[in-house]
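A.B. asks: Got a file for you: model.cif, mmCIF, C-alpha atoms.
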data_final
loop_
_atom_site.label_atom_id
_atom_site.label_comp_id
_atom_site.auth_asym_id
_atom_site.auth_seq_id
_atom_site.Cartn_x
_atom_site.Cartn_y
_atom_site.Cartn_z
CA MET A 11 40.04 -69.20 22.99
CA TYR A 12 38.57 -71.83 20.69
CA PHE A 13 36.84 -71.24 17.41
CA THR A 14 34.44 -73.64 15.78
CA LYS A 15 33.39 -73.58 12.17
CA ILE A 16 29.69 -73.02 11.83
CA LYS A 17 28.13 -75.30 9.27
CA GLN A 18 25.32 -73.81 7.23
CA SER A 19 22.00 -75.57 7.48
CA PRO A 20 20.34 -76.93 4.29
CA PRO A 21 17.69 -74.14 4.21
CA ILE A 22 20.43 -71.50 4.30
CA GLN A 23 22.36 -73.31 1.58
CA ASN A 24 19.25 -73.49 -0.59
CA LEU A 25 18.62 -69.78 -0.06
CA ALA A 26 22.22 -68.99 -1.04
CA LYS A 27 21.86 -71.02 -4.25
CA LYS A 28 18.63 -69.21 -5.15
CA LEU A 29 20.25 -65.83 -4.53
CA ALA A 30 23.18 -66.83 -6.74
CA LYS A 31 20.76 -67.64 -9.57
CA VAL A 32 19.03 -64.25 -9.43
CA ARG A 33 22.22 -62.26 -8.84
CA GLU A 34 22.37 -61.23 -12.48
CA PHE A 35 18.95 -59.61 -12.09
CA PHE A 36 20.05 -57.48 -9.11
CA PRO A 37 20.94 -54.42 -11.24
CA ALA A 38 17.43 -54.32 -12.73
CA ILE A 39 15.86 -54.92 -9.29
CA PHE A 40 17.90 -52.12 -7.73
CA PHE A 41 17.08 -49.82 -10.64
CA PHE A 42 13.33 -50.30 -10.38
CA GLY A 43 13.49 -50.02 -6.58
CA GLY A 44 15.34 -46.73 -6.88
CA PHE A 45 12.97 -45.62 -9.63
CA ALA A 46 9.94 -46.27 -7.40
CA TRP A 47 11.54 -44.28 -4.57
CA ASP A 48 12.44 -41.38 -6.87
CA ALA A 49 8.92 -41.38 -8.32
CA PHE A 50 7.60 -40.42 -4.89
CA THR A 51 10.34 -37.92 -4.05
CA ILE A 52 11.27 -36.26 -7.38
CA GLY A 53 9.12 -34.53 -9.93
CA GLN A 54 6.21 -33.58 -7.67
CA ASN A 55 7.41 -30.08 -8.45
CA VAL A 56 10.60 -28.76 -9.98
CA ALA A 57 12.85 -26.64 -7.76
CA ALA A 58 15.92 -24.64 -8.75
CA GLN A 59 18.06 -26.45 -6.16
CA ASP A 60 17.26 -29.79 -7.86
CA LEU A 61 18.65 -28.48 -11.12
CA PHE A 62 21.79 -27.21 -9.35
CA ILE A 63 22.32 -30.67 -7.83
CA PHE A 64 21.94 -32.31 -11.24
CA GLY A 65 24.36 -29.74 -12.63
CA ALA A 66 26.90 -30.71 -9.96
CA TYR A 67 26.52 -34.37 -10.98
CA LEU A 68 27.16 -33.46 -14.60
CA ALA A 69 30.20 -31.31 -13.74
CA THR A 70 31.67 -34.15 -11.64
CA ALA A 71 31.21 -36.60 -14.51
CA GLY A 72 32.92 -34.15 -16.85
CA LEU A 73 35.85 -33.72 -14.44
CA ILE A 74 36.32 -37.50 -14.21
CA LEU A 75 36.28 -37.84 -17.99
CA TYR A 76 38.87 -35.08 -18.28
CA VAL A 77 41.17 -36.64 -15.68
CA ILE A 78 41.09 -40.21 -16.99
CA GLY A 79 41.45 -38.99 -20.57
CA ARG A 80 44.72 -37.11 -19.97
CA PRO A 81 48.11 -38.61 -20.90
CA SER A 82 49.31 -37.98 -17.32
CA TYR A 83 46.66 -40.28 -15.87
CA ILE A 84 48.48 -43.18 -14.20
CA LEU A 85 46.75 -46.46 -13.47
CA ALA A 86 47.88 -46.51 -9.89
CA ASP A 87 47.10 -49.01 -7.17
CA SER A 88 45.66 -48.11 -3.80
CA THR A 89 49.09 -47.95 -2.10
CA SER A 90 50.03 -44.89 -4.16
CA LEU A 91 46.96 -42.89 -3.16
CA PRO A 92 47.09 -39.86 -0.87
CA SER A 93 46.52 -40.80 2.77
CA TRP A 94 43.10 -39.13 3.02
CA LEU A 95 41.90 -40.90 -0.14
CA SER A 96 43.32 -44.22 1.06
CA ARG A 97 41.25 -43.96 4.24
CA ILE A 98 38.09 -43.47 2.21
CA TYR A 99 39.12 -46.28 -0.12
CA PHE A 100 39.47 -48.80 2.72
CA LYS A 101 36.70 -47.44 4.97
CA PHE A 102 34.05 -48.11 2.35
CA ASN A 103 35.57 -51.48 1.41
CA LEU A 104 36.45 -50.40 -2.12
CA LYS A 105 39.29 -52.92 -2.41
CA LYS A 106 37.12 -55.07 -4.64
CA TYR A 107 37.23 -52.21 -7.14
CA HIS A 108 40.84 -52.18 -8.26
CA TRP A 109 41.93 -48.55 -8.10
CA PRO A 110 42.47 -48.14 -11.87
CA ASN A 111 38.84 -49.22 -12.37
CA PHE A 112 37.39 -47.12 -9.56
CA PRO A 113 36.96 -43.89 -11.62
CA TYR A 114 34.91 -45.87 -14.15
CA PHE A 115 32.78 -47.33 -11.37
CA LEU A 116 32.27 -43.82 -9.99
CA LEU A 117 31.37 -42.57 -13.47
CA GLN A 118 28.74 -45.29 -13.80
CA PHE A 119 27.35 -44.39 -10.37
CA ILE A 120 27.07 -40.68 -11.27
CA PHE A 121 25.48 -41.35 -14.65
CA GLY A 122 23.06 -43.78 -13.04
CA ASN A 123 21.91 -41.21 -10.48
CA LEU A 124 21.71 -38.43 -13.03
CA LEU A 125 19.82 -40.50 -15.60
CA SER A 126 17.42 -41.83 -12.97
CA SER A 127 16.57 -38.35 -11.66
CA LEU A 128 16.18 -36.80 -15.10
CA PHE A 129 14.12 -39.74 -16.31
CA ILE A 130 11.73 -39.27 -13.40
CA LEU A 131 11.18 -35.64 -14.39
CA TYR A 132 10.40 -36.62 -17.98
CA PHE A 133 8.36 -39.62 -16.86
CA LYS A 134 6.19 -37.32 -14.72
CA SER A 135 5.60 -35.10 -17.74
CA ALA A 136 4.68 -37.93 -20.15
CA SER A 137 0.90 -38.34 -20.45
CA HIS A 138 0.19 -39.58 -23.99
CA TRP A 139 1.31 -42.56 -26.00
CA LEU A 140 4.04 -40.86 -28.07
CA ALA A 141 5.67 -39.53 -24.91
CA TRP A 142 5.27 -42.96 -23.27
CA VAL A 143 7.21 -44.55 -26.16
CA MET A 144 10.06 -42.15 -25.59
CA SER A 145 9.95 -42.74 -21.83
CA LEU A 146 10.10 -46.52 -22.31
CA LEU A 147 13.14 -46.16 -24.54
CA LEU A 148 14.80 -44.02 -21.86
CA GLY A 149 13.87 -46.60 -19.23
CA ALA A 150 15.47 -49.38 -21.26
CA MET A 151 18.64 -47.33 -21.53
CA LEU A 152 18.67 -46.69 -17.78
CA VAL A 153 18.37 -50.39 -17.00
CA GLY A 154 21.14 -51.09 -19.51
CA ASN A 155 23.40 -48.64 -17.67
CA GLU A 156 23.30 -50.95 -14.64
CA TYR A 157 25.10 -53.62 -16.68
CA LEU A 158 27.80 -51.39 -18.17
CA GLU A 159 30.27 -51.50 -15.28
CA ASN A 160 33.09 -52.80 -17.48
CA GLU A 161 32.19 -50.81 -20.60
CA TYR A 162 33.05 -47.28 -19.48
CA LYS A 163 36.66 -47.68 -20.61
CA ARG A 164 35.24 -47.37 -24.08
CA PHE A 165 35.23 -43.60 -24.13
CA THR A 166 32.70 -43.41 -26.96
CA LEU A 167 30.05 -44.72 -24.56
CA SER A 168 31.12 -42.27 -21.84
CA TRP A 169 30.97 -39.29 -24.21
CA SER A 170 27.56 -40.41 -25.45
CA LEU A 171 26.11 -40.66 -21.94
CA PHE A 172 27.65 -37.36 -20.90
CA GLY A 173 26.22 -35.58 -23.94
CA PHE A 174 22.81 -37.21 -23.50
CA CYS A 175 22.64 -36.20 -19.81
CA ALA A 176 23.76 -32.67 -20.63
CA MET A 177 21.03 -32.29 -23.26
CA LEU A 178 18.27 -33.61 -20.99
CA LEU A 179 19.39 -31.36 -18.15
CA PHE A 180 19.60 -28.23 -20.31
CA ASN A 181 16.23 -29.09 -21.90
CA PHE A 182 14.73 -28.78 -18.42
CA ALA A 183 16.90 -26.02 -16.97
CA LEU A 184 16.85 -23.41 -19.75
CA PRO A 185 13.03 -23.04 -20.04
CA PHE A 186 12.87 -23.20 -16.23
CA LEU A 187 15.31 -20.31 -15.76
CA ILE A 188 14.01 -18.18 -18.65
CA GLY A 189 10.33 -18.74 -17.83
CA SER A 190 9.26 -19.71 -21.33
CA ILE A 191 8.30 -22.96 -23.09
CA ASN A 192 8.81 -21.63 -26.60
CA PRO A 193 10.19 -24.49 -28.76
CA ILE A 194 13.27 -22.41 -29.58
CA TRP A 195 14.56 -23.00 -26.05
CA PHE A 196 14.39 -26.78 -26.47
CA TYR A 197 16.44 -26.70 -29.66
CA LEU A 198 18.89 -24.19 -28.17
CA SER A 199 19.32 -26.20 -24.96
CA THR A 200 19.94 -29.37 -27.00
CA LEU A 201 22.70 -27.55 -28.89
CA MET A 202 24.10 -26.32 -25.56
CA GLY A 203 24.34 -29.92 -24.28
CA LEU A 204 25.96 -30.98 -27.55
CA GLY A 205 28.39 -28.04 -27.32
CA ALA A 206 29.35 -28.89 -23.72
CA ALA A 207 30.16 -32.50 -24.64
CA HIS A 208 32.07 -31.48 -27.78
CA PHE A 209 34.08 -28.83 -25.90
CA LEU A 210 35.05 -31.30 -23.16
CA TYR A 211 36.05 -33.87 -25.78
CA LYS A 212 38.27 -31.36 -27.61
CA THR A 213 39.76 -30.09 -24.33
CA THR A 214 40.81 -33.59 -23.23
CA PRO A 215 44.28 -34.10 -24.80
CA ASN A 216 44.01 -37.77 -25.74
CA HIS A 217 40.65 -37.47 -27.57
CA LEU A 218 39.91 -41.09 -26.71
CA GLY A 219 36.78 -42.55 -28.30
CA SER A 220 34.47 -40.77 -30.73
CA ILE A 221 32.19 -37.78 -30.22
CA LYS A 222 30.09 -38.51 -33.33
CA PRO A 223 27.33 -40.46 -31.51
CA VAL A 224 26.58 -37.33 -29.45
CA TRP A 225 25.71 -35.47 -32.65
CA LEU A 226 23.38 -38.32 -33.60
CA ILE A 227 21.71 -38.19 -30.17
CA ALA A 228 21.12 -34.44 -30.57
CA ALA A 229 19.49 -35.00 -33.97
CA VAL A 230 17.25 -37.77 -32.59
CA LEU A 231 16.12 -35.58 -29.66
CA MET A 232 15.24 -32.71 -31.99
CA PHE A 233 13.29 -35.03 -34.27
CA ALA A 234 11.47 -36.57 -31.30
CA TYR A 235 10.49 -33.14 -29.99
CA ALA A 236 9.20 -32.06 -33.41
CA ALA A 237 7.14 -35.30 -33.54
CA ASP A 238 5.62 -34.51 -30.09
CA MET A 239 7.38 -37.50 -28.50
CA ILE A 240 9.01 -35.35 -25.82
CA PRO A 241 6.70 -33.52 -23.37
CA PRO A 242 6.99 -29.72 -23.11
CA VAL A 243 9.17 -29.69 -20.00
CA PRO A 244 9.30 -28.17 -17.40
CA LEU A 245 5.49 -28.37 -17.38
CA VAL A 246 4.28 -31.34 -15.30
CA LYS A 247 0.69 -32.59 -15.36
CA ARG A 248 -0.85 -32.82 -11.88
CA ASP A 249 -4.42 -33.94 -12.50
CA ILE A 250 -7.23 -33.78 -15.03
CA ALA A 251 -10.94 -34.61 -14.66
CA VAL A 252 -14.33 -34.20 -16.33
CA ALA A 253 -17.46 -33.15 -14.43
CA TYR A 254 -21.08 -32.12 -14.82
CA SER A 255 -20.56 -28.88 -12.90
CA LEU A 256 -17.97 -27.07 -10.83
CA ASN A 257 -18.05 -24.36 -8.19
CA LYS A 258 -15.24 -22.56 -6.41
CA VAL A 259 -15.33 -23.16 -2.64
CA ASN A 260 -12.67 -21.65 -0.35
CA GLY A 261 -10.04 -21.61 -3.08
CA ASP A 262 -10.80 -25.14 -4.30
CA PHE A 263 -13.09 -26.37 -7.06
CA GLN A 264 -15.98 -28.60 -6.05
CA LEU A 265 -16.83 -30.97 -8.89
CA THR A 266 -20.06 -32.87 -9.52
CA GLN A 267 -19.03 -36.12 -11.22
CA GLN A 268 -20.24 -39.47 -12.44
CA PRO A 269 -19.75 -42.12 -9.70
CA SER A 270 -17.93 -45.27 -10.66
CA ASP A 271 -19.64 -48.68 -10.71
CA TRP A 272 -19.76 -50.49 -7.37
CA TRP A 273 -17.22 -53.07 -8.45
CA VAL A 274 -14.62 -50.41 -9.41
CA PHE A 275 -13.47 -50.11 -5.80
CA TRP A 276 -10.13 -48.43 -6.59
CA ARG A 277 -11.69 -45.13 -7.75
CA LYS A 278 -14.70 -43.02 -6.80
CA THR A 279 -15.52 -41.49 -10.18
CA SER A 280 -16.01 -42.80 -13.70
CA ASN A 281 -14.96 -41.43 -17.07
CA HIS A 282 -18.07 -42.97 -18.69
CA LEU A 283 -20.51 -40.07 -18.42
CA GLU A 284 -24.30 -40.25 -18.75
CA VAL A 285 -25.49 -36.87 -20.01
CA THR A 286 -28.95 -35.40 -20.58
CA PRO A 287 -29.60 -33.34 -23.79
CA GLY A 288 -28.10 -29.86 -23.53
CA GLN A 289 -26.16 -30.63 -20.34
CA ARG A 290 -22.70 -29.11 -19.94
CA VAL A 291 -19.56 -31.19 -19.49
CA TYR A 292 -16.55 -29.50 -17.89
CA CYS A 293 -12.89 -30.43 -18.18
CA ILE A 294 -10.58 -29.14 -15.46
CA SER A 295 -6.82 -29.65 -15.43
CA SER A 296 -3.97 -28.88 -13.05
CA VAL A 297 -0.47 -28.34 -14.44
CA PHE A 298 2.67 -27.45 -12.49
CA ALA A 299 4.84 -24.69 -13.94
CA PRO A 300 7.91 -23.10 -12.33
CA ARG A 301 7.60 -19.68 -10.72
CA GLY A 302 7.77 -16.85 -13.23
CA LEU A 303 6.52 -18.89 -16.17
CA ASN A 304 3.46 -17.37 -17.82
CA THR A 305 1.98 -18.97 -20.90
CA LYS A 306 -1.29 -20.03 -22.46
CA LEU A 307 -2.61 -23.58 -22.54
CA TYR A 308 -5.43 -25.02 -24.60
CA HIS A 309 -8.03 -27.74 -24.20
CA ARG A 310 -8.53 -29.51 -27.50
CA TRP A 311 -11.90 -31.32 -27.41
CA GLN A 312 -11.99 -34.20 -29.89
CA PHE A 313 -14.69 -36.68 -30.91
CA TYR A 314 -13.89 -40.07 -32.44
CA ASP A 315 -15.53 -40.53 -35.85
CA LYS A 316 -15.38 -44.11 -37.16
CA LYS A 317 -14.59 -42.85 -40.67
CA LEU A 318 -12.49 -39.76 -39.99
CA GLY A 319 -10.80 -40.72 -36.73
CA TRP A 320 -10.31 -38.04 -34.06
CA VAL A 321 -12.06 -34.83 -35.11
CA THR A 322 -11.40 -31.54 -33.26
CA GLU A 323 -14.66 -29.98 -32.08
CA SER A 324 -13.14 -26.99 -30.25
CA HIS A 325 -9.80 -25.54 -29.22
CA ILE A 326 -10.25 -23.35 -26.12
CA GLY A 327 -7.41 -21.52 -24.41
CA PHE A 328 -6.76 -20.34 -20.86
CA THR A 329 -3.82 -18.54 -19.20
CA LEU A 330 -1.35 -20.39 -16.99
CA ALA A 331 0.74 -18.60 -14.33
CA GLY A 332 3.57 -20.57 -12.70
CA GLY A 333 4.54 -20.90 -9.07
CA ARG A 334 1.58 -22.69 -7.47
CA GLN A 335 2.95 -25.85 -5.81
CA ASN A 336 -0.26 -27.83 -6.36
CA GLY A 337 -0.41 -26.83 -10.00
CA PHE A 338 -2.24 -24.09 -11.86
CA ARG A 339 -5.84 -25.02 -12.59
CA GLY A 340 -7.85 -24.10 -15.66
CA TYR A 341 -11.12 -25.37 -17.08
CA THR A 342 -13.25 -25.28 -20.21
CA TYR A 343 -16.66 -26.74 -21.01
CA LYS A 344 -18.90 -27.88 -23.86
CA GLN A 345 -22.55 -28.82 -24.12
CA ASN A 346 -24.69 -30.88 -26.48
CA LEU A 347 -21.96 -33.49 -26.79
CA GLN A 348 -22.97 -36.38 -29.01
CA ALA A 349 -22.75 -39.93 -27.69
CA GLY A 350 -19.49 -41.77 -28.29
CA GLU A 351 -15.79 -41.60 -27.47
CA TRP A 352 -14.25 -38.25 -26.53
CA ARG A 353 -10.90 -36.95 -25.37
CA VAL A 354 -9.43 -33.65 -24.20
CA ALA A 355 -5.79 -32.86 -24.88
CA ILE A 356 -3.95 -30.17 -22.90
CA GLU A 357 -1.68 -28.39 -25.34
CA THR A 358 0.76 -25.49 -25.42
CA GLU A 359 0.53 -22.61 -27.89
CA SER A 360 2.94 -24.50 -30.15
CA GLU A 361 0.60 -27.55 -30.00
CA LYS A 362 2.90 -29.68 -27.84
CA THR A 363 0.86 -32.16 -25.79
CA VAL A 364 0.99 -31.93 -21.99
CA ALA A 365 -1.68 -34.57 -21.23
CA VAL A 366 -4.61 -36.42 -22.77
CA TYR A 367 -7.80 -37.50 -20.99
CA ASP A 368 -10.19 -40.05 -22.56
CA PHE A 369 -13.86 -40.41 -21.64
CA SER A 370 -17.15 -41.49 -23.19
CA ILE A 371 -20.60 -39.92 -23.43
CA LYS A 372 -23.92 -41.74 -23.25
CA THR A 373 -27.14 -39.76 -23.77
CA VAL A 374 -29.91 -40.41 -21.22
CA SER A 375 -33.28 -38.80 -20.54
CA VAL A 376 -32.94 -38.62 -16.75
CA ALA A 377 -29.89 -37.24 -14.95
CA PRO A 378 -27.97 -40.06 -13.20
CA PRO A 379 -26.86 -39.97 -9.55
CA SER A 380 -23.70 -37.91 -8.94
CA ILE A 381 -21.10 -37.31 -6.27
CA SER A 382 -19.19 -34.19 -5.25
CA GLN A 383 -15.52 -33.90 -4.44
CA LEU A 384 -12.84 -31.23 -4.33
CA PHE A 385 -10.23 -30.74 -7.03
#
So, in terms of structure tokens, how does the structure I just supplied come out?
C.D. replies:
Amino acid sequence: MYFTKIKQSPPIQNLAKKLAKVREFFPAIFFFGGFAWDAFTIGQNVAAQDLFIFGAYLATAGLILYVIGRPSYILADSTSLPSWLSRIYFKFNLKKYHWPNFPYFLLQFIFGNLLSSLFILYFKSASHWLAWVMSLLLGAMLVGNEYLENEYKRFTLSWSLFGFCAMLLFNFALPFLIGSINPIWFYLSTLMGLGAAHFLYKTTPNHLGSIKPVWLIAAVLMFAYAADMIPPVPLVKRDIAVAYSLNKVNGDFQLTQQPSDWWVFWRKTSNHLEVTPGQRVYCISSVFAPRGLNTKLYHRWQFYDKKLGWVTESHIGFTLAGGRQNGFRGYTYKQNLQAGEWRVAIETESEKTVAVYDFSIKTVSVAPPSISQLF
């Protein structure tokens, strides 16, 4: 049998050179690709089994940290592995990851999955600029994790990521399981995440690295929550709209709304309302809450005054009962709105912002054309 060496054609060589140039951007590309996929599959609603899966990720990361932090941990090569583990090692072509480095690679993989999933949940809940700032900071950290393959031997980084993941997970899980979004549960869950990381650090005999950054992370999260930079998880905004009227039809709300201009082809309705004197304007919102959670939400109607800034005109509450997969819907209305810029903020009883909707009012003498659609 004869073998001939296949010579690559110039186009293939050029393609290989281009791929080599962008190779360093692959981690960011893979991250955003995975983020886009998770955005469609995670966070539409929050299920208990999701939290159990994330808890398993966290427990696995903790076990790895405990094992590689013990004095008995031996930097073995693949020939000293148990037979069943050797088969996995070679089957998945893990030879490029020298066995002593493989636990660190696995740790990065677990943290990447856990951070991505948790970030999606918080990203879905962020609906105003302070929360967006926090989400962008988290996103930057997630992208950075893709480049930390060789940095996990610095145990300070590993403890920091473990503590951060534990806090984010408990922030979501504790209010979810208790059925309350009282701020006390956020602070308590943050301390629980801090305690879990500190306990694991003290339990590991070698005490490699420093646990101090985890305490700093806990303080920053508490400050951010107090400053309304972290959304009141596990509430997730579904939708929010303004309308001229609404009627309940077969379990759905039928809204009469301002149609968008002809050139705004990507949406049917407009948030620039033309209103006749005395006409009502409704705001309807849909918010997902886990089953068993009962609380009260508020619509804060605000008008923008050029001298005073945003001025609260009314603060109207409505009850929210959890468990509806498409979100619990509530509405409020006002009339005789003056012309100018308006916004409605959905808030909890502790004044934590769930979402903000901006719109404008223009006073007209004749009612404009309108369209109807279900909400």
A.B. asks: So what does the PyMOL selection byres ((chain A and resi 185-201) around 8) actually pick up in this one, as a PyMOL selection string?
C.D. replies: chain A and resi 177-178+180-184+202-205+228+231-232+242-244+300-305+360
A.B. asks: How would the residues just chosen look if you wrote them out with C-alpha atoms as a PDB file, keeping the file's coordinate frame?
C.D. replies:
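Output file result.pdb is given in full below:
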ATOM      1  CA  MET A 177      21.030 -32.290 -23.260  1.00  0.00           C
ATOM      2  CA  LEU A 178      18.270 -33.610 -20.990  1.00  0.00           C
ATOM      3  CA  PHE A 180      19.600 -28.230 -20.310  1.00  0.00           C
ATOM      4  CA  ASN A 181      16.230 -29.090 -21.900  1.00  0.00           C
ATOM      5  CA  PHE A 182      14.730 -28.780 -18.420  1.00  0.00           C
ATOM      6  CA  ALA A 183      16.900 -26.020 -16.970  1.00  0.00           C
ATOM      7  CA  LEU A 184      16.850 -23.410 -19.750  1.00  0.00           C
ATOM      8  CA  MET A 202      24.100 -26.320 -25.560  1.00  0.00           C
ATOM      9  CA  GLY A 203      24.340 -29.920 -24.280  1.00  0.00           C
ATOM     10  CA  LEU A 204      25.960 -30.980 -27.550  1.00  0.00           C
ATOM     11  CA  GLY A 205      28.390 -28.040 -27.320  1.00  0.00           C
ATOM     12  CA  ALA A 228      21.120 -34.440 -30.570  1.00  0.00           C
ATOM     13  CA  LEU A 231      16.120 -35.580 -29.660  1.00  0.00           C
ATOM     14  CA  MET A 232      15.240 -32.710 -31.990  1.00  0.00           C
ATOM     15  CA  PRO A 242       6.990 -29.720 -23.110  1.00  0.00           C
ATOM     16  CA  VAL A 243       9.170 -29.690 -20.000  1.00  0.00           C
ATOM     17  CA  PRO A 244       9.300 -28.170 -17.400  1.00  0.00           C
ATOM     18  CA  PRO A 300       7.910 -23.100 -12.330  1.00  0.00           C
ATOM     19  CA  ARG A 301       7.600 -19.680 -10.720  1.00  0.00           C
ATOM     20  CA  GLY A 302       7.770 -16.850 -13.230  1.00  0.00           C
ATOM     21  CA  LEU A 303       6.520 -18.890 -16.170  1.00  0.00           C
ATOM     22  CA  ASN A 304       3.460 -17.370 -17.820  1.00  0.00           C
ATOM     23  CA  THR A 305       1.980 -18.970 -20.900  1.00  0.00           C
ATOM     24  CA  SER A 360       2.940 -24.500 -30.150  1.00  0.00           C
TER      25      SER A 360
END
A.B. asks: Could you check which residues have any atom within 12 Å of (-1.6, -31.9, -25.2), counting all atoms listed in the file with coordinates taken straight from the file, and then list them as a ChimeraX atom specification?
C.D. replies: /A:135-141,238-242,245-247,250,295,297,307-312,325,327,353-367
A.B. asks: For the selection just defined, write its residues with C-alpha atoms to a file, as a PDB file, in the frame of the given file.
C.D. replies:
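And here's out22.pdb as it stands now:
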ATOM      1  CA  SER A 135       5.600 -35.100 -17.740  1.00  0.00           C
ATOM      2  CA  ALA A 136       4.680 -37.930 -20.150  1.00  0.00           C
ATOM      3  CA  SER A 137       0.900 -38.340 -20.450  1.00  0.00           C
ATOM      4  CA  HIS A 138       0.190 -39.580 -23.990  1.00  0.00           C
ATOM      5  CA  TRP A 139       1.310 -42.560 -26.000  1.00  0.00           C
ATOM      6  CA  LEU A 140       4.040 -40.860 -28.070  1.00  0.00           C
ATOM      7  CA  ALA A 141       5.670 -39.530 -24.910  1.00  0.00           C
ATOM      8  CA  ASP A 238       5.620 -34.510 -30.090  1.00  0.00           C
ATOM      9  CA  MET A 239       7.380 -37.500 -28.500  1.00  0.00           C
ATOM     10  CA  ILE A 240       9.010 -35.350 -25.820  1.00  0.00           C
ATOM     11  CA  PRO A 241       6.700 -33.520 -23.370  1.00  0.00           C
ATOM     12  CA  PRO A 242       6.990 -29.720 -23.110  1.00  0.00           C
ATOM     13  CA  LEU A 245       5.490 -28.370 -17.380  1.00  0.00           C
ATOM     14  CA  VAL A 246       4.280 -31.340 -15.300  1.00  0.00           C
ATOM     15  CA  LYS A 247       0.690 -32.590 -15.360  1.00  0.00           C
ATOM     16  CA  ILE A 250      -7.230 -33.780 -15.030  1.00  0.00           C
ATOM     17  CA  SER A 295      -6.820 -29.650 -15.430  1.00  0.00           C
ATOM     18  CA  VAL A 297      -0.470 -28.340 -14.440  1.00  0.00           C
ATOM     19  CA  LEU A 307      -2.610 -23.580 -22.540  1.00  0.00           C
ATOM     20  CA  TYR A 308      -5.430 -25.020 -24.600  1.00  0.00           C
ATOM     21  CA  HIS A 309      -8.030 -27.740 -24.200  1.00  0.00           C
ATOM     22  CA  ARG A 310      -8.530 -29.510 -27.500  1.00  0.00           C
ATOM     23  CA  TRP A 311     -11.900 -31.320 -27.410  1.00  0.00           C
ATOM     24  CA  GLN A 312     -11.990 -34.200 -29.890  1.00  0.00           C
ATOM     25  CA  HIS A 325      -9.800 -25.540 -29.220  1.00  0.00           C
ATOM     26  CA  GLY A 327      -7.410 -21.520 -24.410  1.00  0.00           C
ATOM     27  CA  ARG A 353     -10.900 -36.950 -25.370  1.00  0.00           C
ATOM     28  CA  VAL A 354      -9.430 -33.650 -24.200  1.00  0.00           C
ATOM     29  CA  ALA A 355      -5.790 -32.860 -24.880  1.00  0.00           C
ATOM     30  CA  ILE A 356      -3.950 -30.170 -22.900  1.00  0.00           C
ATOM     31  CA  GLU A 357      -1.680 -28.390 -25.340  1.00  0.00           C
ATOM     32  CA  THR A 358       0.760 -25.490 -25.420  1.00  0.00           C
ATOM     33  CA  GLU A 359       0.530 -22.610 -27.890  1.00  0.00           C
ATOM     34  CA  SER A 360       2.940 -24.500 -30.150  1.00  0.00           C
ATOM     35  CA  GLU A 361       0.600 -27.550 -30.000  1.00  0.00           C
ATOM     36  CA  LYS A 362       2.900 -29.680 -27.840  1.00  0.00           C
ATOM     37  CA  THR A 363       0.860 -32.160 -25.790  1.00  0.00           C
ATOM     38  CA  VAL A 364       0.990 -31.930 -21.990  1.00  0.00           C
ATOM     39  CA  ALA A 365      -1.680 -34.570 -21.230  1.00  0.00           C
ATOM     40  CA  VAL A 366      -4.610 -36.420 -22.770  1.00  0.00           C
ATOM     41  CA  TYR A 367      -7.800 -37.500 -20.990  1.00  0.00           C
TER      42      TYR A 367
END
A.B. asks: Please indicate the distance in Å from CA of Tyr132 (chain A) to CA of Ala176 (chain A), rounded to one decimal place.
C.D. replies: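 Here the two named atoms are 14.2 Å from each other.
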A.B. asks: From the set A:Ala251, A:Val321, A:Val77, A:Leu347, which residue has the shortest atom-to-atom contact distance to Thr279 (chain A), counting all atoms listed in the file?
C.D. replies: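 Of A:Ala251, A:Val321, A:Val77, A:Leu347, the one nearest Thr279 (chain A) is A:Ala251, counting all atoms listed in the file.
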A.B. asks: Could you please determine the separation between CA of Gln264 (chain A) and CA of Thr342 (chain A) in Å, to one decimal place?
C.D. replies: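 Spanning CA of Gln264 (chain A) to CA of Thr342 (chain A) is a straight-line distance of 14.8 Å.
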A.B. asks: Determine the nearest neighbour of Thr214 (chain A) from the options A:Leu73, A:Arg339, A:Tyr292, A:Asp262, counting all atoms listed in the file.
C.D. replies: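 Answer, going by the shortest atom-to-atom distance: A:Leu73.
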A.B. asks: For Thr266 (chain A), which of A:Leu384, A:Ala299, A:Leu124, A:Leu179 is the closest residue, counting all atoms listed in the file?
C.D. replies: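 Counting all atoms listed in the file, the residue closest to Thr266 (chain A) is A:Leu384.
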A.B. asks: By how many Å are CA of Leu283 (chain A) and CA of Phe369 (chain A) apart?
C.D. replies: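 Interatomic distance here is 7.4 Å.
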A.B. asks: Nearest to Tyr211 (chain A): which of A:Val374, A:Ile294, A:Val224, A:Ile381 is it, counting all atoms listed in the file?
C.D. replies: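 Among the listed residues, A:Val224 lies closest to Tyr211 (chain A).
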A.B. asks: Do you know which residues lie at most 10 Å from (-10.3, -30.6, -4.0), with coordinates as in the file and only C-alpha atoms counted, and could you write them as a PyMOL selection string?
C.D. replies: chain A and resi 258-265+382-385
A.B. asks: Convert the output of the PyMOL selection byres ((chain A and resi 223) around 10) on the shown file into explicit residues, formatted as a ChimeraX atom specification.
C.D. replies: /A:166-167,169-171,173-174,220-222,224-229
A.B. asks: From the set A:Thr213, A:Ser168, A:Ser255, A:Asn281, which residue has the shortest atom-to-atom contact distance to Ile120 (chain A), counting only C-alpha atoms?
C.D. replies: A:Ser168
A.B. asks: Could you tell me, as a list in words, exactly which residues end up selected when the PyMOL selection byres ((chain A and resi 346) around 7) is applied to this structure?
C.D. replies: Pro287, Gly288, Gln289, Gln345, Leu347 and Gln348 of chain A
A.B. asks: Those residues with C-alpha atoms, as an mmCIF file, keeping the file's coordinate frame please?
C.D. replies:
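Written output follows (result-v3.cif):
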data_model
loop_
_atom_site.group_PDB
_atom_site.id
_atom_site.type_symbol
_atom_site.label_atom_id
_atom_site.label_comp_id
_atom_site.auth_asym_id
_atom_site.auth_seq_id
_atom_site.Cartn_x
_atom_site.Cartn_y
_atom_site.Cartn_z
ATOM 1 C CA PRO A 287 -29.600 -33.340 -23.790
ATOM 2 C CA GLY A 288 -28.100 -29.860 -23.530
ATOM 3 C CA GLN A 289 -26.160 -30.630 -20.340
ATOM 4 C CA GLN A 345 -22.550 -28.820 -24.120
ATOM 5 C CA LEU A 347 -21.960 -33.490 -26.790
ATOM 6 C CA GLN A 348 -22.970 -36.380 -29.010
#
